[in-house]
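Undergrad: So I've got this file, protein_11.txt, and it contains compact mmCIF, C-alpha atoms and all ligand atoms:
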# COMPACT_ATOMS: atom_id res chain seq x y z
CA MET A 1 0.00 0.00 0.00
CA GLN A 2 2.72 2.41 1.06
CA ASP A 3 4.79 1.37 -1.95
CA SER A 4 1.96 2.16 -4.31
CA ARG A 5 1.59 5.57 -2.65
CA VAL A 6 5.27 6.26 -3.24
CA LYS A 7 4.92 5.14 -6.84
CA GLN A 8 1.93 7.40 -7.24
CA ASN A 9 3.91 10.32 -5.87
CA GLU A 10 6.75 9.56 -8.24
CA LYS A 11 4.37 9.55 -11.18
CA ARG A 12 2.59 12.75 -10.14
CA LYS A 13 2.63 15.45 -12.78
CA ARG A 14 1.41 18.95 -13.45
CA ILE A 15 -1.75 19.45 -15.46
CA THR A 16 -0.84 20.28 -19.07
CA LEU A 17 -3.39 22.47 -20.75
CA THR A 18 -4.66 21.64 -24.21
CA SER A 19 -4.13 24.21 -26.99
CA LYS A 20 -7.88 24.97 -26.86
CA GLU A 21 -7.59 25.77 -23.17
CA ILE A 22 -4.52 27.94 -23.74
CA SER A 23 -6.46 29.90 -26.42
CA GLU A 24 -9.38 30.23 -23.97
CA LEU A 25 -7.01 31.65 -21.37
CA LEU A 26 -5.50 34.09 -23.89
CA ALA A 27 -8.95 35.23 -24.99
CA GLU A 28 -9.89 35.70 -21.34
CA VAL A 29 -6.78 37.86 -20.79
CA ILE A 30 -7.42 39.99 -23.88
CA ILE A 31 -11.13 40.54 -23.12
CA THR A 32 -10.37 41.37 -19.48
CA ILE A 33 -7.64 43.86 -20.46
CA VAL A 34 -9.89 45.59 -23.00
CA LEU A 35 -12.77 45.80 -20.52
CA LEU A 36 -10.47 47.07 -17.81
CA LEU A 37 -8.98 49.76 -20.10
CA LEU A 38 -12.45 50.97 -20.99
CA LEU A 39 -13.38 50.95 -17.35
CA ASN A 40 -10.21 52.83 -16.42
CA VAL A 41 -10.83 55.50 -19.00
CA ALA A 42 -14.46 55.81 -17.92
CA ILE A 43 -13.43 56.15 -14.29
CA MET A 44 -10.82 58.78 -15.17
CA VAL A 45 -13.30 60.73 -17.27
CA ILE A 46 -15.86 60.64 -14.49
CA LEU A 47 -13.21 61.62 -11.97
CA SER A 48 -12.07 64.63 -14.02
CA ALA A 49 -15.63 65.67 -14.69
CA VAL A 50 -16.50 65.34 -11.02
CA ILE A 51 -13.55 67.41 -10.03
CA GLU A 52 -14.06 70.08 -12.70
CA ASN A 53 -17.83 70.40 -12.53
CA SER A 54 -18.16 69.43 -8.95
CA PRO A 55 -20.46 69.24 -7.14
CA ASN A 56 -22.73 68.50 -10.12
CA LEU A 57 -22.11 64.76 -10.56
CA GLU A 58 -25.15 64.24 -12.80
CA GLY A 59 -23.76 66.74 -15.30
CA ALA A 60 -20.40 65.07 -15.29
CA VAL A 61 -21.84 61.66 -16.13
CA TRP A 62 -24.09 63.12 -18.79
CA GLY A 63 -21.18 64.89 -20.44
CA THR A 64 -18.90 61.86 -20.32
CA LYS A 65 -19.17 61.21 -24.01
CA ASN A 66 -18.39 64.76 -25.08
CA VAL A 67 -15.81 65.36 -22.49
CA PHE A 68 -14.02 62.06 -23.25
CA MET A 69 -11.68 63.35 -25.96
CA GLU A 70 -11.15 66.86 -24.52
CA GLN A 71 -10.52 65.57 -21.06
CA LEU A 72 -7.74 63.34 -22.19
CA ASN A 73 -5.63 66.47 -22.41
CA SER A 74 -7.00 68.13 -19.32
CA ASP A 75 -4.72 69.42 -16.59
CA ILE A 76 -6.31 67.27 -13.93
CA PHE A 77 -5.73 64.21 -15.96
CA TYR A 78 -2.08 65.05 -16.49
CA SER A 79 -1.43 66.41 -13.05
CA GLY A 80 -2.83 63.27 -11.45
CA ARG A 81 -1.49 60.67 -13.84
CA ASN A 82 1.77 60.10 -12.01
CA PHE A 83 -0.31 58.87 -9.13
CA ILE A 84 -3.34 57.41 -10.91
CA PHE A 85 -1.56 55.33 -13.59
CA PRO A 86 0.41 53.08 -11.26
CA VAL A 87 -2.62 52.60 -8.99
CA PHE A 88 -4.79 51.62 -11.95
CA ALA A 89 -2.04 49.42 -13.38
CA ILE A 90 -1.69 47.53 -10.08
CA ILE A 91 -5.45 47.09 -9.66
CA ASP A 92 -5.80 45.94 -13.28
CA ALA A 93 -2.93 43.50 -12.95
CA ILE A 94 -4.54 42.03 -9.80
CA ILE A 95 -7.89 41.69 -11.56
CA VAL A 96 -6.33 40.06 -14.64
CA TYR A 97 -4.34 37.67 -12.42
CA TRP A 98 -7.45 36.82 -10.34
CA ARG A 99 -9.57 36.07 -13.43
CA LEU A 100 -6.77 34.04 -14.98
CA ILE A 101 -6.29 31.95 -11.84
CA ARG A 102 -10.06 31.45 -11.52
CA ARG A 103 -10.31 30.24 -15.10
CA TYR A 104 -7.19 28.06 -14.66
CA ARG A 105 -8.72 26.46 -11.53
CA GLN A 106 -11.90 25.72 -13.48
CA MET A 107 -9.78 24.00 -16.13
CA GLN A 108 -7.93 21.98 -13.47
CA MET A 109 -11.29 20.94 -12.06
CA ARG A 110 -12.42 19.88 -15.53
CA HIS A 111 -9.31 17.68 -15.86
CA VAL A 112 -9.93 16.14 -12.41
CA ILE A 113 -13.58 15.45 -13.31
CA SER A 114 -12.61 13.74 -16.57
CA GLU A 115 -10.10 11.59 -14.62
CA LEU A 116 -12.90 10.72 -12.21
CA HIS A 117 -15.14 9.66 -15.07
CA TYR A 118 -12.32 7.49 -16.39
CA ILE A 119 -11.98 5.75 -13.00
CA ALA A 120 -15.76 5.46 -12.61
CA ASN A 121 -15.85 3.60 -15.93
CA GLY A 122 -14.19 0.67 -14.19
CA ASN A 123 -10.50 1.64 -14.44
CA TYR A 124 -9.82 1.06 -10.76
CA ASP A 125 -6.10 0.65 -11.27
CA HIS A 126 -5.90 4.28 -12.41
CA ARG A 127 -5.22 7.12 -9.96
CA ILE A 128 -5.52 10.88 -10.49
CA PRO A 129 -1.89 11.72 -11.20
CA PHE A 130 -1.93 15.53 -10.83
CA GLU A 131 0.27 17.47 -8.51
CA LEU A 132 -1.73 20.49 -7.37
CA LYS A 133 -1.66 22.99 -4.57
CA GLY A 134 -4.32 23.89 -2.04
CA ASP A 135 -7.65 22.26 -1.36
CA LEU A 136 -7.87 20.56 -4.74
CA SER A 137 -4.73 18.60 -3.90
CA LYS A 138 -6.42 17.33 -0.70
CA VAL A 139 -9.49 16.38 -2.72
CA ILE A 140 -7.28 14.42 -5.16
CA LEU A 141 -5.50 12.65 -2.30
CA SER A 142 -8.83 11.68 -0.74
CA ILE A 143 -10.24 10.48 -4.07
CA ASN A 144 -7.12 8.37 -4.69
CA ALA A 145 -7.34 6.91 -1.18
CA LEU A 146 -11.02 6.12 -1.78
CA VAL A 147 -10.20 4.41 -5.09
CA ASP A 148 -7.41 2.47 -3.29
CA SER A 149 -9.83 1.13 -0.70
CA THR A 150 -12.55 0.43 -3.28
CA ALA A 151 -10.05 -1.47 -5.44
CA ALA A 152 -8.88 -3.43 -2.38
CA ALA A 153 -12.50 -4.26 -1.45
CA ILE A 154 -13.20 -5.43 -5.01
CA GLU A 155 -10.05 -7.56 -4.95
CA ASP A 156 -11.07 -9.08 -1.58
CA GLU A 157 -14.52 -9.80 -2.96
CA ARG A 158 -12.96 -11.53 -5.97
CA GLU A 159 -10.70 -13.59 -3.69
CA ILE A 160 -13.68 -14.66 -1.59
CA GLU A 161 -15.63 -15.61 -4.73
CA LYS A 162 -12.65 -17.57 -6.02
CA SER A 163 -12.12 -19.31 -2.72
CA LYS A 164 -15.84 -20.22 -2.53
CA ASP A 165 -15.65 -21.72 -6.02
CA GLU A 166 -12.56 -23.72 -5.00
CA LEU A 167 -14.33 -24.87 -1.86
CA ILE A 168 -17.33 -26.10 -3.87
CA THR A 169 -15.04 -27.87 -6.36
CA ASN A 170 -13.06 -29.56 -3.57
CA VAL A 171 -16.14 -30.56 -1.64
CA SER A 172 -17.91 -31.95 -4.70
CA HIS A 173 -14.81 -33.96 -5.55
CA ASP A 174 -14.37 -35.25 -2.00
CA ILE A 175 -18.04 -36.17 -1.70
CA ARG A 176 -18.26 -37.74 -5.14
CA THR A 177 -15.41 -40.21 -4.54
CA PRO A 178 -16.92 -42.02 -1.51
CA LEU A 179 -20.40 -41.58 -2.96
CA THR A 180 -19.38 -43.43 -6.14
CA SER A 181 -18.10 -46.33 -4.00
CA ILE A 182 -21.26 -46.35 -1.87
CA ILE A 183 -23.50 -46.42 -4.95
CA GLY A 184 -21.27 -49.05 -6.57
CA TYR A 185 -21.31 -51.45 -3.61
CA LEU A 186 -24.98 -50.87 -2.75
CA GLY A 187 -25.73 -51.48 -6.46
CA LEU A 188 -24.02 -54.86 -6.22
CA ILE A 189 -26.15 -55.71 -3.19
CA GLU A 190 -29.32 -54.37 -4.85
CA ASP A 191 -28.67 -56.48 -7.99
CA GLN A 192 -27.76 -59.45 -5.82
CA GLN A 193 -24.40 -59.67 -7.49
CA TYR A 194 -22.68 -61.32 -4.58
CA HIS A 195 -21.74 -64.94 -4.22
CA SER A 196 -21.80 -65.44 -0.48
CA GLU A 197 -22.91 -63.80 2.73
CA GLU A 198 -19.24 -62.97 3.25
CA ASP A 199 -19.31 -60.84 0.08
CA LEU A 200 -22.55 -59.21 1.13
CA LYS A 201 -21.07 -58.25 4.49
CA LYS A 202 -17.90 -57.00 2.83
CA TYR A 203 -19.82 -54.75 0.41
CA ALA A 204 -22.07 -53.44 3.16
CA HIS A 205 -19.01 -52.73 5.31
CA ILE A 206 -17.24 -50.81 2.53
CA ALA A 207 -20.39 -48.76 1.84
CA TYR A 208 -20.72 -48.05 5.59
CA THR A 209 -17.06 -46.97 5.91
CA LYS A 210 -17.35 -44.67 2.91
CA ALA A 211 -20.59 -43.18 4.27
CA LYS A 212 -18.81 -42.50 7.58
CA GLN A 213 -15.96 -40.84 5.64
CA MET A 214 -18.53 -38.58 3.99
CA LYS A 215 -20.02 -37.71 7.34
CA TYR A 216 -16.58 -36.69 8.68
CA LEU A 217 -16.13 -34.47 5.67
CA VAL A 218 -19.54 -32.85 6.06
CA ASP A 219 -19.00 -32.38 9.81
CA ASP A 220 -15.56 -30.86 9.23
CA LEU A 221 -16.89 -28.65 6.50
CA PHE A 222 -19.69 -27.47 8.71
CA GLU A 223 -17.23 -26.71 11.50
CA TYR A 224 -14.85 -24.99 9.08
CA THR A 225 -17.51 -22.67 7.66
CA ARG A 226 -18.86 -22.05 11.15
CA VAL A 227 -15.54 -20.92 12.66
CA ARG A 228 -14.89 -18.72 9.64
CA GLN A 229 -18.00 -16.65 10.33
CA PRO A 230 -16.94 -13.35 11.90
CA SER A 231 -19.99 -13.59 14.17
CA VAL A 232 -19.20 -17.06 15.51
CA PRO A 233 -19.82 -16.99 19.27
CA VAL A 234 -16.74 -17.59 21.40
CA ASN A 235 -17.68 -18.61 24.93
CA TYR A 236 -14.77 -17.42 27.01
CA THR A 237 -14.21 -18.95 30.41
CA SER A 238 -11.30 -18.79 32.77
CA PHE A 239 -9.69 -22.24 32.89
CA ASP A 240 -6.49 -24.06 33.81
CA MET A 241 -4.62 -24.96 30.61
CA ILE A 242 -2.39 -27.51 32.41
CA GLN A 243 -5.44 -29.38 33.69
CA LEU A 244 -6.94 -29.36 30.20
CA ILE A 245 -3.87 -30.78 28.43
CA GLU A 246 -3.32 -33.38 31.15
CA GLN A 247 -6.91 -34.54 30.67
CA LEU A 248 -6.34 -34.68 26.88
CA ALA A 249 -3.18 -36.75 27.39
CA VAL A 250 -5.22 -39.23 29.42
CA ASP A 251 -7.95 -39.30 26.71
CA PHE A 252 -5.40 -40.21 24.02
CA GLU A 253 -3.33 -42.63 26.13
CA LEU A 254 -5.09 -45.79 24.99
CA GLU A 255 -4.87 -44.96 21.29
CA ALA A 256 -1.21 -43.95 21.70
CA ASP A 257 -0.44 -47.15 23.63
CA LYS A 258 -1.78 -49.24 20.76
CA LYS A 259 0.76 -47.58 18.48
CA GLY A 260 3.61 -47.86 20.99
CA ILE A 261 3.72 -44.10 21.52
CA ALA A 262 4.17 -42.42 24.90
CA ILE A 263 2.37 -39.13 25.59
CA ASN A 264 4.07 -36.70 27.98
CA VAL A 265 3.01 -33.33 29.35
CA ILE A 266 5.73 -30.78 30.14
CA SER A 267 5.18 -27.38 31.67
CA ASN A 268 7.02 -24.59 33.48
CA THR A 269 4.16 -24.09 35.92
CA GLU A 270 1.74 -26.20 37.92
CA HIS A 271 -1.37 -24.21 37.07
CA LEU A 272 -1.87 -21.95 34.10
CA MET A 273 -5.06 -19.91 34.33
CA MET A 274 -6.13 -18.23 31.11
CA ASP A 275 -9.25 -17.15 29.16
CA GLY A 276 -10.55 -19.16 26.22
CA ASP A 277 -13.34 -21.19 24.71
CA THR A 278 -12.45 -24.64 26.01
CA ASP A 279 -14.76 -26.54 23.59
CA LYS A 280 -13.07 -24.91 20.62
CA LEU A 281 -9.55 -25.26 22.03
CA VAL A 282 -10.17 -28.95 22.75
CA ARG A 283 -11.14 -29.28 19.05
CA VAL A 284 -7.70 -27.84 18.15
CA PHE A 285 -5.76 -30.14 20.50
CA ASN A 286 -7.80 -33.17 19.45
CA ASN A 287 -6.82 -32.55 15.86
CA LEU A 288 -3.14 -31.94 16.70
CA LEU A 289 -2.94 -35.09 18.83
CA THR A 290 -4.86 -37.20 16.29
CA ASN A 291 -2.53 -35.89 13.57
CA ALA A 292 0.58 -36.65 15.67
CA LEU A 293 -0.62 -40.24 16.17
CA LYS A 294 -1.90 -40.65 12.59
CA TYR A 295 0.91 -39.07 10.60
CA GLY A 296 3.92 -39.22 12.97
CA LYS A 297 5.38 -42.18 11.08
CA GLY A 298 7.91 -44.07 13.22
CA ALA A 299 7.28 -41.84 16.26
CA ASN A 300 7.49 -43.23 19.79
CA GLN A 301 6.90 -39.96 21.63
CA VAL A 302 4.28 -37.25 21.61
CA VAL A 303 4.90 -34.28 23.87
CA ILE A 304 2.45 -31.56 24.89
CA GLU A 305 4.40 -28.63 26.25
CA ALA A 306 2.83 -25.58 27.94
CA LEU A 307 4.92 -22.49 28.63
CA GLU A 308 3.59 -19.59 30.64
CA GLN A 309 4.91 -16.22 29.48
CA PRO A 310 4.08 -12.76 30.87
CA ASN A 311 1.11 -12.10 28.52
CA GLU A 312 0.74 -15.28 26.52
CA VAL A 313 0.69 -19.02 26.70
CA VAL A 314 2.72 -21.11 24.24
CA ILE A 315 1.52 -24.65 23.69
CA THR A 316 3.52 -27.07 21.55
CA VAL A 317 2.27 -30.44 20.38
CA LYS A 318 5.16 -32.41 18.90
CA ASN A 319 6.09 -35.92 17.82
CA ASN A 320 9.40 -37.47 16.84
CA GLY A 321 8.18 -39.07 13.61
CA THR A 322 9.28 -38.62 10.01
CA PRO A 323 9.66 -34.89 9.31
CA ILE A 324 7.23 -32.97 7.11
CA PRO A 325 8.95 -31.76 3.91
CA LYS A 326 9.93 -28.08 4.11
CA GLU A 327 7.93 -27.10 1.04
CA SER A 328 4.74 -28.47 2.64
CA LEU A 329 5.09 -26.66 5.96
CA ASN A 330 3.47 -23.42 4.76
CA GLN A 331 0.57 -25.19 3.12
CA LEU A 332 -0.43 -27.40 6.04
CA PHE A 333 -3.01 -24.87 7.18
CA ASP A 334 -4.65 -24.54 3.74
CA ARG A 335 -8.00 -26.27 3.64
CA PHE A 336 -8.00 -29.70 1.99
CA TYR A 337 -4.21 -29.76 1.89
CA ARG A 338 -2.71 -33.14 2.77
CA VAL A 339 1.00 -33.92 2.60
CA ASP A 340 1.94 -36.63 0.16
CA GLU A 341 -1.57 -37.37 -1.08
CA SER A 342 -0.76 -41.00 -1.91
CA ARG A 343 0.38 -41.82 1.61
CA SER A 344 -2.38 -39.80 3.22
CA GLN A 345 -4.97 -41.62 1.14
CA GLU A 346 -4.35 -44.68 3.30
CA ILE A 347 -5.11 -42.62 6.37
CA SER A 348 -8.58 -41.14 6.41
CA GLY A 349 -8.82 -37.39 6.79
CA THR A 350 -10.29 -34.44 5.00
CA GLY A 351 -7.43 -31.94 5.24
CA LEU A 352 -9.63 -29.47 7.10
CA GLY A 353 -8.41 -30.10 10.67
CA LEU A 354 -5.51 -27.63 10.63
CA ALA A 355 -7.52 -24.99 8.73
CA ILE A 356 -10.18 -25.22 11.45
CA SER A 357 -7.50 -25.12 14.18
CA GLN A 358 -5.94 -22.01 12.67
CA ASN A 359 -9.32 -20.27 12.61
CA ILE A 360 -10.08 -21.17 16.20
CA VAL A 361 -6.67 -19.95 17.40
CA GLY A 362 -7.22 -16.76 15.35
CA LEU A 363 -10.62 -16.23 17.01
CA HIS A 364 -8.75 -16.19 20.33
CA GLY A 365 -6.35 -13.54 19.02
CA GLY A 366 -3.47 -16.02 18.76
CA TYR A 367 -1.51 -17.76 16.00
CA ILE A 368 -0.30 -21.24 15.10
CA TYR A 369 2.56 -22.50 12.96
CA ALA A 370 4.45 -25.70 12.26
CA GLN A 371 8.13 -26.60 12.46
CA SER A 372 9.71 -29.86 11.44
CA ASN A 373 13.26 -31.20 11.65
CA ASP A 374 14.89 -34.59 11.96
CA LYS A 375 14.07 -34.71 15.66
CA TRP A 376 10.63 -33.17 16.12
CA THR A 377 7.57 -32.20 14.13
CA SER A 378 5.99 -29.44 16.22
CA PHE A 379 2.79 -27.44 16.06
CA ILE A 380 3.21 -24.29 18.11
CA ILE A 381 0.29 -22.21 19.36
CA HIS A 382 0.56 -18.76 20.90
CA LEU A 383 -2.54 -17.63 22.80
CA PRO A 384 -3.10 -14.44 24.79
CA LYS A 385 -3.55 -15.18 28.48
CA LYS A 386 -6.36 -12.71 29.02
CA GLN A 387 -9.15 -11.69 26.66
CA GLN A 388 -9.49 -7.94 27.17
CA GLY A 389 -13.04 -6.62 27.16
CA GLN A 390 -14.63 -10.10 26.80
CA LYS A 391 -17.34 -11.30 29.13
CA LEU A 392 -16.36 -14.56 30.81
CA LYS A 393 -18.96 -17.29 31.23
CA ASN A 394 -19.04 -19.81 34.04
CA PRO A 395 -16.67 -22.68 33.30
CA LYS A 396 -18.19 -25.97 32.20
CA THR A 397 -16.97 -29.12 33.91
CA ARG A 398 -15.31 -31.57 31.62
CA ASN A 399 -15.41 -35.26 32.29
P1 LIG B 1 -8.84 -33.87 9.20
O1 LIG B 1 -8.02 -33.36 10.33
O2 LIG B 1 -9.70 -32.83 8.60
O3 LIG B 1 -9.58 -35.12 9.51
P2 LIG B 1 -6.26 -34.21 8.04
O4 LIG B 1 -5.72 -34.70 9.34
O5 LIG B 1 -5.73 -34.83 6.80
O6 LIG B 1 -7.85 -34.29 8.02
P3 LIG B 1 -5.15 -31.69 8.81
O7 LIG B 1 -5.30 -31.99 10.24
O8 LIG B 1 -5.46 -30.34 8.33
O9 LIG B 1 -6.03 -32.66 7.90
O10 LIG B 1 -3.67 -32.02 8.37
C1 LIG B 1 -3.26 -31.74 7.06
C2 LIG B 1 -2.11 -32.65 6.64
O11 LIG B 1 -0.94 -32.27 7.36
C3 LIG B 1 -2.31 -34.08 6.96
O12 LIG B 1 -3.04 -34.73 5.95
C4 LIG B 1 -0.88 -34.59 7.02
O13 LIG B 1 -0.43 -34.90 5.71
C5 LIG B 1 -0.11 -33.40 7.53
N1 LIG B 1 0.19 -33.47 8.98
C6 LIG B 1 -0.54 -32.93 9.96
N2 LIG B 1 0.02 -33.17 11.17
C7 LIG B 1 1.11 -33.91 10.93
C8 LIG B 1 2.13 -34.49 11.77
N3 LIG B 1 2.11 -34.38 13.09
N4 LIG B 1 3.13 -35.18 11.16
C9 LIG B 1 3.18 -35.31 9.82
N5 LIG B 1 2.27 -34.78 8.98
C10 LIG B 1 1.25 -34.09 9.53
MG MG B 2 -6.21 -33.74 11.11
Just dump the structure as structure tokens.
TA:
Amino acid sequence: MQDSRVKQNEKRKRITLTSKEISELLAEVIITIVLLLLLNVAIMVILSAVIENSPNLEGAVWGTKNVFMEQLNSDIFYSGRNFIFPVFAIIDAIIVYWRLIRRYRQMQMRHVISELHYIANGNYDHRIPFELKGDLSKVILSINALVDSTAAAIEDEREIEKSKDELITNVSHDIRTPLTSIIGYLGLIEDQQYHSEEDLKKYAHIAYTKAKQMKYLVDDLFEYTRVRQPSVPVNYTSFDMIQLIEQLAVDFELEADKKGIAINVISNTEHLMMDGDTDKLVRVFNNLLTNALKYGKGANQVVIEALEQPNEVVITVKNNGTPIPKESLNQLFDRFYRVDESRSQEISGTGLGLAISQNIVGLHGGYIYAQSNDKWTSFIIHLPKKQQGQKLKNPKTRN
């Protein structure tokens, strides 16, 4: 934004008048000078008449025409000219200058208006490039700023549209795949194309598994769109983060045991009171722990680490499995992204878990990122300890 401002300033130029406008200005100067000369002469004639025939002003005006030529040579005229000429010349020059500037300003305004029309015709990448002085310059700056924000809003709108289209494409694809299997296997059952009860059970089982896969996707999708709503309610309570992660470690112990993985909780404090929506945060940790167990190939340790800092809490969920390739790290939080599609295909998942987690952490005013090296694959969450200006609800009891 600032860069584009600088560029705009660099490109700023003076308004160049067209030859028609220059002729208009010249005509204005000539007409003004002629009118002023006539006016000057008339004033001088009246003045001399007033002084000579004074106090009869009516007579002086009446005789202006006749007196005009004679009075040019009058004594008064000549005696006063040393004083009157410069005064008249100065006043005339001011009037000519004033009219010229007025006309020039009108022309500048015309140029600005035609630029505005050009922008209004849909050329939102254009800015009014004129360098002017005074109020008009402020008007131009404001118009350019307005066009900047309108262009940004249009771009955002386009991005949202694009991302909605992508979402629909992804969802249709991800729903169609299991749906094709379900229809295929149920079709076999319907047409009695099975040879034994074993086959029947097998087909029914596959259809059931695929239907469950679809339900996960729809649930995830629902959750994803829900947490993306700016108006999604966040029910803040004051809770002990250490207690919460210890409970989660217990919840996942059995599943981890089956895979020969040990879950440990590490912390620099015994209790860590903070504000947050525990239901939503549990959703985040559930996904991180499920991911660590699902994708941490060859891991034998999962660690949940909580660090209390002056204003924030840093929670890390890490496993010592095969590292995530560097080029994938930045995309992990994109919806539907799954590392190494072929391998992930064997493990069910929709690729929405981390996108949902990122949104939930963002709703709390925090951020999440991933790091991966030969030793640890870590997901690190920074959350503010206190939610300023948020009403806290009574904590729910988890069991
Ligand atoms: P969902 O969570 O929606 O059921 P998912 O687990 O595939 O599906 P995410 O949680 O968003 O989706 O994870 C995205 C991808 O990131 C995963 O498919 C996996 O390839 C990779 N990933 C996530 N966590 C880890 C991890 N701890 N180790 C290795 N890869 C991981
Ligand atoms: Mg996941």
Undergrad: Please, which residues have at least one atom within 8 Å of an atom of ligand LIG 1 (chain B), using all atoms listed in the file, listed as a ChimeraX atom specification?
TA: /A:216-217,220,287-297,318-319,321-324,332-341,344,347-356,377-379
Undergrad: Determine, counting only C-alpha atoms, which protein, DNA and RNA residues have an atom within 6 Å of an atom of Thr237 of chain A; residues of the same chain fewer than 3 positions away are not included. Present the result as a PDB file with C-alpha atoms, keeping the file's coordinate frame.
TA:
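This is the output file out36.pdb:
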ATOM      1  CA  ASP A 275      -9.250 -17.150  29.160  1.00  0.00           C
ATOM      2  CA  GLY A 276     -10.550 -19.160  26.220  1.00  0.00           C
ATOM      3  CA  LEU A 392     -16.360 -14.560  30.810  1.00  0.00           C
ATOM      4  CA  LYS A 393     -18.960 -17.290  31.230  1.00  0.00           C
ATOM      5  CA  PRO A 395     -16.670 -22.680  33.300  1.00  0.00           C
TER       6      PRO A 395
END
Undergrad: At what distance in Å, to one decimal, does atom CA of Gln358 of chain A lie from atom CA of Glu246 of chain A?
TA: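 Pair atom CA of Glu246 of chain A / atom CA of Gln358 of chain A returns 21.9 Å.
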Undergrad: Near segment 151-166 of chain A, counting only C-alpha atoms, which residues have an atom at most 7 Å away, once you skip same-chain residues fewer than 4 positions from it, shown as a list in words?
TA: Tyr124, Val147 and Asn170 of chain A
Undergrad: Using the selection just defined, write its residues with C-alpha atoms as a PDB file, in the frame of the given file.
TA:
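File written: part30.pdb
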ATOM      1  CA  TYR A 124      -9.820   1.060 -10.760  1.00  0.00           C
ATOM      2  CA  VAL A 147     -10.200   4.410  -5.090  1.00  0.00           C
ATOM      3  CA  ASN A 170     -13.060 -29.560  -3.570  1.00  0.00           C
TER       4      ASN A 170
END
Undergrad: Go through A:Lys375, A:His382, A:Arg283, A:Lys259 one by one, measure the shortest atom-to-atom distance of each to ligand MG 2 (chain B) using all atoms listed in the file, and give the residue with the smallest value.
TA: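 Looking only at the distances to ligand MG 2 (chain B), the closest residue turns out to be A:Arg283.
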Undergrad: Between A:Met107, A:Val303, A:Met241, A:Ala120, which residue has the minimum interatomic distance to Ala256 of chain A, considering only C-alpha atoms?
TA: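 Among the listed residues, the smallest separation from Ala256 of chain A belongs to A:Val303.
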Undergrad: In Å, rounded to a single decimal, give me how far atom CA of Tyr104 of chain A is from atom CA of Leu35 of chain A.
TA: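 Atom CA of Tyr104 of chain A lies 19.5 Å from atom CA of Leu35 of chain A.
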Undergrad: As an exercise, work out the distance from atom CA of Gln371 of chain A to atom CA of Glu305 of chain A in Å and give it to one decimal place.
TA: 14.4 Å
Undergrad: Please identify all polymer residues within 7 Å of segment 300-302 of chain A, counting only C-alpha atoms, omitting same-chain residues fewer than 3 positions from it, and present them as a short mmCIF file (atom, residue, chain, number, x, y, z; two decimals) with C-alpha atoms, in the coordinates of the input.
TA:
data_model
loop_
_atom_site.label_atom_id
_atom_site.label_comp_id
_atom_site.auth_asym_id
_atom_site.auth_seq_id
_atom_site.Cartn_x
_atom_site.Cartn_y
_atom_site.Cartn_z
CA GLY A 260 3.61 -47.86 20.99
CA ILE A 261 3.72 -44.10 21.52
CA ALA A 262 4.17 -42.42 24.90
CA ILE A 263 2.37 -39.13 25.59
CA ASN A 264 4.07 -36.70 27.98
CA LYS A 318 5.16 -32.41 18.90
CA ASN A 319 6.09 -35.92 17.82
CA ASN A 320 9.40 -37.47 16.84
#
Undergrad: With distances taken over all atoms listed in the file, which residue among A:Met273, A:Glu346, A:Ile245, A:Arg14 lies nearest Ser137 of chain A?
TA: A:Arg14
Undergrad: Which of these, A:Asn286, A:Thr177, A:Lys385, A:Ser328, has the shortest distance to ligand MG 2 (chain B) once you count all atoms listed in the file?
TA: A:Asn286
Undergrad: Using all atoms listed in the file, which of the listed residues (A:Ile33, A:Leu141, A:Ile51, A:Leu221) sits closest to Ile175 of chain A?
TA: A:Leu221
Undergrad: Quick one: of A:Gln213, A:Asn123, A:Thr316, A:Ser19, who's nearest to Ile381 of chain A, counting only C-alpha atoms?
TA: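 Looking only at the distances to Ile381 of chain A, the closest residue turns out to be A:Thr316.
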Undergrad: Write out as a PyMOL selection string which residues come within 10 Å of Thr16 of chain A when counting all atoms listed in the file, dropping same-chain ones fewer than 5 positions away.
TA: chain A and resi 21-22+108+111+130
